[in-house]
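K.L.:
Handing you a structure now.
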Amino acid sequence: MRSILTAIALLIGITAFCQDARLAQQYYQDGEFEKASILYERLYKQSNYNDFYFDRYVESLMAMDAYDDCEKVIKKQLKRAPDNVQLHVTYGKLFERQIKDEEADKQYELAIEKLPEDQFTITKLANSFMRLTKYELATKTYERGSQLLKDEQIFAYNLGELYRRKGDNDKMIESYLNSLAANPDRISSVKAIFQRYLLKDDYQELQAQLYNRIQENPDDINYPEMLAWTFIQEKDYKSAFRQARALDRRLKENGTRVFRLAQTAANDKDYKTAIEAYEYLVESQGPTSTYYLQAKEEALRARRMQLVDGFDYTVEDLRTLETAYESFLDEFGRTKLTANIILELAELEALYINDLDKSIQLLQEMIEYPNVNPTVQAHGKISLADYYLMQGEIWEATLLYSQVDKAFKEGPLGHEARFRNAKLSYFAGDFQWAQAQFDILKASTSKLIANDALDLSIFIMDNLNLDTTAEALQLYADAELFVFQNKFDAAFEKLNILSAGFPEHNLKDDQLYLKAQIYKKQKEFDKAAAALQTIIDNYPEEIRADNAIYELAELYEGQLNDTEKAKALYETLFIDYSGSTFAVEARKRFRILRGDNIQ
């Protein structure tokens with residue numbers, strides 16, 4: 001019976017304690033600190049001087065400006081627990097509230113001085129200082145803790161965060177690198193921190209520190225790996241490749257590291273480094289490597305992009321690349337496995353070497369390969385249709401477009417084929433049917449097709465409504481078809497007829513835009529820039545204006561080597577034409593040219 005009564009009494013006591021704790025919390029949150037202090041004092045004593053209730057009791061007294069009572073409580077607790085260094089922080093806060101800074105500083109220093117050789121206590125004290133934004137004192141705490149525990153690296157990661165908050169990036173870098181020595185598994189988190197907080201100039205300091213550590217610790221692979229990563233952040237892929245290659249050889253890897261770097265370099269248009277990296281894989285790994293075929297393929301693509309991306313090539317360059325493609329196919333055969341390479345070779349023949357017959361033959365054979373991937377086959381049919389159109393074989397072109405449209409009706413490939421079929425009708429002068437198709441394609445899941453379809457639908461509607469006949473629009477469509485077929489003289493002739501016959505027609509900006517496309521294909525970039533600038537100056541409200549701004553910015557950035565003009569044009573585009581489909585990319589290009597760290 002007595003044990004039951006004891007249990008009941010204990011339960012009642014616990015219930016009352018919990019009710020007091022909830023009520024004290026409510027008073028504290030509501031700012032009723034006098035009521036809160038009474039309850040927290042009781043809870044503090046009932047809980048055998050629990051730190052949480054003590055802190056809340058003291059905070060309540062401070063909020064009431066009951067400084068004398070508060071000081072008595074703290075002193076009493078210090079006598080009870082003289083080794084509790086947190087109490088000196090509390091005492092310091094009390095002095096700070098009374099603007100007694102010297103006394104407060106003494107208490108803070110005393111807390112650090114009395115630190116025990118205990119990692120948990122050291123970390124807890126440092127965190128207390130951090131909550132008070134006293135980063136210097138938190139730093140001193142960790143430094144003293146390192147001395148006490150005789151381990152310079154134990155708090156390196158924590159110190160890195162403190163130095164970051166203090167704005168001392170050199171020390172931040174040093175501390176985080178020290179933390180890697182203690183725990184190499186942190187390399188990913190350290191990279192993430194550097195990527196987020198380091199400024200462009202800080203990477204030079206990081207590299208300098210890494211070079212020193214590599215010399216001092218030649219067996220530690222984390223430092224060269226981090227060094228390679230810094231070069232990638234700076235887009236210095238050549239230096240990154242040197243480091244990746246050294247690590248690949250040293251660790252006897254299978255080339256994964258180098259292959260990923262090559263892909264990154266190629267995506268960022270450093271084709272020279274990408275080609276070097278792919279060729280290293282081919283030579284070092286050999287035919288048995290999983291990357292041998294892939295590296296050869298990607299090297300070919302990088303060579304092609306190196307030539308055509310900047311319009312900087314000669315006939316000899318094109319023939320050398322053609323030979324490289326042929327050699328690849330001789331080595332690996334013309335099968336379903338090399339169908340993508342045949343697609344690329346056909347494009348090279350048709351659009352750059354101007355051998356349409358050879359490109360058509362290549363694609364006719366490829367789409368008949370046994371078990372060829374249907375998607376690759378569809379791409380082949382679309383390209384083949386394009387090349388038929390360039391030869392003027394409209395029926396063959398529309399037949400192939402329709403086949404792909406039917407096979408991939410609701411997918412992006414089907415939409416692409418339907419768009420090209422509609423454009424073929426536009427070239428042929430069947431404007432109303434073409435516009436109806438463009439209106440349907442405005443809802444395409446492919447943003448690029450949807451935008452192009454919208455532009456062409458509006459373009460046809462605007463120009464058909466201007467005249468009782470479609471003669472002017474037909475002349476323009478004829479000129480566009482000639483440009484597609486690389487018949488530039490014929491295109492200029494059509495545009496001249498259009499200008500002479502319809503001098504007041506609303507197609508003036510469109511004619512300038514088409515001329516700019518011709519000049520770019522002919523690598524007459526100054527003439528292209530002049531045509532685009534005329535659109536911007538004279539037709540800022542027309543549909544071609546945002547296209548002209550973006551393309552002129554690209555010319556200044558890529559071919560005319562005037563980044564300031566490019567930057568100004570990108571800025572104009574995303575500010576004055578914020579609804580343009582180019583606005584997001586223009587903002588990104590602007591930030592890159594400005595030197596921002598874009599990830």
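Chains: A, B, ... in order of the structure tokens. Residues: from 1 per chain. Ligands: from 1, in order shown.
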Residues of stretch 322-353 of chain A classed as helix (DSSP H, G or I) by DSSP on the backbone are to be reported as a PyMOL selection string.
P.N.:
chain A and resi 322-332+336-351
K.L.:
Applying 12 Å and only C-alpha atoms, which residues near A:Ser128 remain after dropping the ones on its own chain fewer than 2 positions away? List them as JSON, numbers by chain.
P.N.:
{"A": [85, 86, 87, 88, 89, 90, 92, 93, 108, 111, 112, 121, 122, 123, 124, 125, 126, 130, 131, 132, 133, 134, 135, 137, 138, 139, 141]}
K.L.:
Rank nothing, just name the residue among A:Gln77, A:Ser359, A:Gln215, A:Ser60 nearest to A:Glu322, using only C-alpha atoms.
P.N.:
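So, comparing all the options, the nearest one is A:Ser359.
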K.L.:
Write out as a compact mmCIF listing (two decimals) with N, CA and C atoms, in the first residue's frame each polymer residue whose atoms come within 12 Å of A:Glu585, counting only C-alpha atoms; drop sequence neighbours fewer than 4 positions from it.
P.N.:
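Saved result, out.txt, follows:
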# COMPACT_ATOMS: atom_id res chain seq x y z
N TYR A 550 20.28 39.64 -79.24
CA TYR A 550 20.98 38.46 -78.74
C TYR A 550 22.07 38.00 -79.72
N GLU A 551 21.73 37.97 -81.00
CA GLU A 551 22.71 37.49 -81.98
C GLU A 551 23.87 38.47 -82.14
N ALA A 553 25.00 40.39 -79.72
CA ALA A 553 25.81 40.18 -78.52
C ALA A 553 26.70 38.96 -78.68
N GLU A 554 26.15 37.87 -79.24
CA GLU A 554 26.95 36.67 -79.49
C GLU A 554 28.11 36.96 -80.46
N TYR A 570 23.57 42.24 -73.83
CA TYR A 570 22.90 41.25 -72.99
C TYR A 570 22.08 41.93 -71.90
N GLU A 571 22.64 42.97 -71.30
CA GLU A 571 21.94 43.70 -70.24
C GLU A 571 20.68 44.37 -70.79
N LEU A 573 18.93 43.39 -73.24
CA LEU A 573 17.95 42.35 -73.56
C LEU A 573 17.16 41.91 -72.34
N PHE A 574 17.85 41.60 -71.23
CA PHE A 574 17.09 41.08 -70.08
C PHE A 574 16.40 42.18 -69.28
N SER A 578 12.39 41.86 -71.16
CA SER A 578 12.36 40.82 -70.12
C SER A 578 11.44 39.66 -70.47
N SER A 580 11.32 38.29 -73.40
CA SER A 580 11.92 37.54 -74.50
C SER A 580 12.35 36.15 -74.05
N THR A 581 12.30 35.21 -74.99
CA THR A 581 12.77 33.85 -74.69
C THR A 581 14.29 33.83 -74.49
N ARG A 589 24.71 35.06 -69.56
CA ARG A 589 25.91 35.47 -70.31
C ARG A 589 26.47 36.78 -69.77
N PHE A 590 25.59 37.69 -69.40
CA PHE A 590 26.02 38.98 -68.82
C PHE A 590 26.82 38.75 -67.55
N ARG A 591 26.32 37.90 -66.67
CA ARG A 591 26.99 37.64 -65.40
C ARG A 591 28.34 36.97 -65.61
N ILE A 592 28.42 36.06 -66.60
CA ILE A 592 29.70 35.41 -66.90
C ILE A 592 30.72 36.44 -67.38
K.L.:
Name all residues at most 7 Å from A:Arg418 (count only C-alpha atoms; drop same-chain ones fewer than 4 positions away) and give them as a VMD selection string.
P.N.:
chain A and resid 401 405 414 422
K.L.:
Give me a file of those residues, with C-alpha atoms, as an mmCIF file, in the first residue's frame.
P.N.:
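Listing of selection-v6.cif after writing:
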data_model
loop_
_atom_site.group_PDB
_atom_site.id
_atom_site.type_symbol
_atom_site.label_atom_id
_atom_site.label_comp_id
_atom_site.auth_asym_id
_atom_site.auth_seq_id
_atom_site.Cartn_x
_atom_site.Cartn_y
_atom_site.Cartn_z
ATOM 1 C CA TYR A 401 9.041 14.301 -92.283
ATOM 2 C CA ASP A 405 5.724 12.644 -87.360
ATOM 3 C CA GLY A 414 7.447 14.084 -83.945
ATOM 4 C CA ALA A 422 4.913 22.996 -91.873
#
K.L.:
Pick out the residues sitting within 10 Å of stretch 408-411 of chain A, and hand them over as JSON, numbers by chain; count only C-alpha atoms, and ignore anything fewer than 2 positions along from it in its own chain.
P.N.:
{"A": [374, 375, 378, 402, 403, 404, 405, 406, 413, 414, 415, 416, 417, 418, 444, 445, 446]}
K.L.:
Any chance you can output those residues with N, CA and C atoms as a tab-separated table (two decimals), in the first residue's frame?
P.N.:
chain	number	residue	atom	x	y	z
A	374	PRO	N	15.59	3.31	-83.12
A	374	PRO	CA	14.54	4.08	-83.80
A	374	PRO	C	14.70	5.60	-83.69
A	375	THR	N	15.20	6.06	-82.55
A	375	THR	CA	15.39	7.50	-82.38
A	375	THR	C	16.50	8.00	-83.29
A	378	ALA	N	15.22	8.07	-86.75
A	378	ALA	CA	14.33	9.22	-86.98
A	378	ALA	C	15.13	10.49	-87.21
A	402	SER	N	6.88	13.26	-92.65
A	402	SER	CA	5.59	12.66	-92.26
A	402	SER	C	5.80	11.31	-91.59
A	403	GLN	N	6.78	10.55	-92.05
A	403	GLN	CA	7.06	9.25	-91.42
A	403	GLN	C	7.47	9.42	-89.96
A	404	VAL	N	8.35	10.38	-89.71
A	404	VAL	CA	8.81	10.62	-88.33
A	404	VAL	C	7.67	11.18	-87.48
A	405	ASP	N	6.87	12.07	-88.07
A	405	ASP	CA	5.72	12.64	-87.36
A	405	ASP	C	4.78	11.53	-86.92
A	406	LYS	N	4.52	10.58	-87.81
A	406	LYS	CA	3.61	9.48	-87.49
A	406	LYS	C	4.19	8.55	-86.43
A	413	LEU	N	10.47	14.56	-81.10
A	413	LEU	CA	10.92	14.26	-82.46
A	413	LEU	C	9.79	14.41	-83.46
A	414	GLY	N	8.60	13.94	-83.07
A	414	GLY	CA	7.45	14.08	-83.94
A	414	GLY	C	7.08	15.54	-84.17
A	415	HIS	N	7.16	16.33	-83.10
A	415	HIS	CA	6.88	17.77	-83.20
A	415	HIS	C	7.91	18.46	-84.10
A	416	GLU	N	9.17	18.02	-83.97
A	416	GLU	CA	10.23	18.60	-84.81
A	416	GLU	C	9.95	18.31	-86.28
A	417	ALA	N	9.56	17.07	-86.59
A	417	ALA	CA	9.27	16.69	-87.97
A	417	ALA	C	8.05	17.46	-88.49
A	418	ARG	N	7.02	17.60	-87.63
A	418	ARG	CA	5.82	18.34	-88.05
A	418	ARG	C	6.14	19.81	-88.30
A	444	SER	N	3.70	22.72	-78.10
A	444	SER	CA	4.68	21.64	-78.05
A	444	SER	C	5.41	21.61	-76.71
A	445	THR	N	5.74	20.39	-76.29
A	445	THR	CA	6.50	20.24	-75.04
A	445	THR	C	7.93	20.76	-75.20
A	446	SER	N	8.39	20.85	-76.46
A	446	SER	CA	9.72	21.41	-76.70
A	446	SER	C	9.61	22.93	-76.73
K.L.:
Within 10 Å of A:Ile193, counting only C-alpha atoms, which residues show up once you throw out same-chain ones fewer than 3 positions away? Write them as a ChimeraX atom specification, please.
P.N.:
/A:160-161,164,173,176,187-190,196-198
K.L.:
Pick out the residues sitting within 10 Å of A:Leu363, and hand them over as an mmCIF file with N, CA and C atoms, in the first residue's frame; count only C-alpha atoms, and ignore anything fewer than 2 positions along from it in its own chain.
P.N.:
data_model
loop_
_atom_site.group_PDB
_atom_site.id
_atom_site.type_symbol
_atom_site.label_atom_id
_atom_site.label_comp_id
_atom_site.auth_asym_id
_atom_site.auth_seq_id
_atom_site.Cartn_x
_atom_site.Cartn_y
_atom_site.Cartn_z
ATOM 1 N N ALA A 339 25.903 4.511 -85.896
ATOM 2 C CA ALA A 339 24.912 5.297 -86.638
ATOM 3 C C ALA A 339 25.002 6.784 -86.310
ATOM 4 N N ILE A 342 27.737 8.391 -88.259
ATOM 5 C CA ILE A 342 27.343 8.571 -89.662
ATOM 6 C C ILE A 342 26.443 9.798 -89.801
ATOM 7 N N LEU A 343 25.569 10.007 -88.817
ATOM 8 C CA LEU A 343 24.732 11.214 -88.808
ATOM 9 C C LEU A 343 25.601 12.477 -88.839
ATOM 10 N N LEU A 345 28.797 12.728 -89.780
ATOM 11 C CA LEU A 345 29.552 12.821 -91.026
ATOM 12 C C LEU A 345 28.659 13.350 -92.151
ATOM 13 N N ALA A 346 27.415 12.881 -92.186
ATOM 14 C CA ALA A 346 26.479 13.357 -93.208
ATOM 15 C C ALA A 346 26.248 14.860 -93.069
ATOM 16 N N GLU A 347 26.141 15.331 -91.843
ATOM 17 C CA GLU A 347 25.965 16.777 -91.611
ATOM 18 C C GLU A 347 27.189 17.545 -92.088
ATOM 19 N N LYS A 358 26.785 12.791 -101.281
ATOM 20 C CA LYS A 358 27.430 11.850 -100.357
ATOM 21 C C LYS A 358 26.653 11.781 -99.039
ATOM 22 N N SER A 359 26.201 12.935 -98.528
ATOM 23 C CA SER A 359 25.458 12.936 -97.264
ATOM 24 C C SER A 359 24.159 12.151 -97.401
ATOM 25 N N ILE A 360 23.485 12.313 -98.548
ATOM 26 C CA ILE A 360 22.230 11.587 -98.767
ATOM 27 C C ILE A 360 22.488 10.087 -98.846
ATOM 28 N N GLN A 361 23.543 9.681 -99.525
ATOM 29 C CA GLN A 361 23.874 8.257 -99.614
ATOM 30 C C GLN A 361 24.176 7.670 -98.233
ATOM 31 N N GLU A 365 21.721 4.730 -96.415
ATOM 32 C CA GLU A 365 22.248 3.442 -95.944
ATOM 33 C C GLU A 365 22.022 3.274 -94.449
ATOM 34 N N MET A 366 22.253 4.345 -93.679
ATOM 35 C CA MET A 366 22.170 4.240 -92.223
ATOM 36 C C MET A 366 20.760 3.891 -91.753
ATOM 37 N N ILE A 367 19.740 4.523 -92.332
ATOM 38 C CA ILE A 367 18.378 4.271 -91.830
ATOM 39 C C ILE A 367 17.891 2.862 -92.170
ATOM 40 N N GLU A 368 18.633 2.143 -93.015
ATOM 41 C CA GLU A 368 18.271 0.765 -93.359
ATOM 42 C C GLU A 368 19.077 -0.265 -92.567
ATOM 43 N N GLN A 377 17.446 6.559 -86.016
ATOM 44 C CA GLN A 377 16.899 6.432 -87.370
ATOM 45 C C GLN A 377 16.018 7.640 -87.709
ATOM 46 N N HIS A 379 16.190 10.666 -86.413
ATOM 47 C CA HIS A 379 17.068 11.820 -86.640
ATOM 48 C C HIS A 379 17.669 11.758 -88.041
ATOM 49 N N GLY A 380 18.020 10.539 -88.470
ATOM 50 C CA GLY A 380 18.565 10.362 -89.810
ATOM 51 C C GLY A 380 17.560 10.737 -90.885
ATOM 52 N N LYS A 381 16.301 10.363 -90.669
ATOM 53 C CA LYS A 381 15.262 10.698 -91.648
ATOM 54 C C LYS A 381 15.024 12.208 -91.716
ATOM 55 N N ILE A 382 15.025 12.869 -90.573
ATOM 56 C CA ILE A 382 14.828 14.323 -90.571
ATOM 57 C C ILE A 382 15.974 15.013 -91.312
ATOM 58 N N SER A 383 17.208 14.578 -91.031
ATOM 59 C CA SER A 383 18.360 15.174 -91.719
ATOM 60 C C SER A 383 18.309 14.875 -93.214
ATOM 61 N N LEU A 384 17.955 13.637 -93.547
ATOM 62 C CA LEU A 384 17.862 13.262 -94.956
ATOM 63 C C LEU A 384 16.811 14.113 -95.667
ATOM 64 N N ALA A 385 15.689 14.344 -94.984
ATOM 65 C CA ALA A 385 14.641 15.198 -95.556
ATOM 66 C C ALA A 385 15.155 16.618 -95.773
ATOM 67 N N TYR A 387 18.188 17.485 -96.416
ATOM 68 C CA TYR A 387 19.130 17.515 -97.532
ATOM 69 C C TYR A 387 18.405 17.341 -98.875
#
K.L.:
Considering only C-alpha atoms, tabulate each residue of stretch 443-470 of chain A that lies at most 10 Å from stretch 507-523 of chain A along with its nearest interatomic pair and the corresponding distance in Å to one decimal; arrange the rows by chain and ascending residue number and present them as CSV.
P.N.:
residue,atom,partner,partner_atom,distance
A:Phe459,CA,A:Leu507,CA,9.5
A:Asp462,CA,A:Leu507,CA,9.8
A:Asn463,CA,A:Leu507,CA,7.8
K.L.:
In Å to one decimal, how far is atom CA of A:Thr338 from atom CA of A:Leu400?
P.N.:
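So the answer is 21.6 Å.
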K.L.:
What separation in Å, quoted to one decimal, exists between atom CA of A:Asp118 and atom CA of A:Leu177?
P.N.:
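Between these atoms lies a distance of 23.8 Å.
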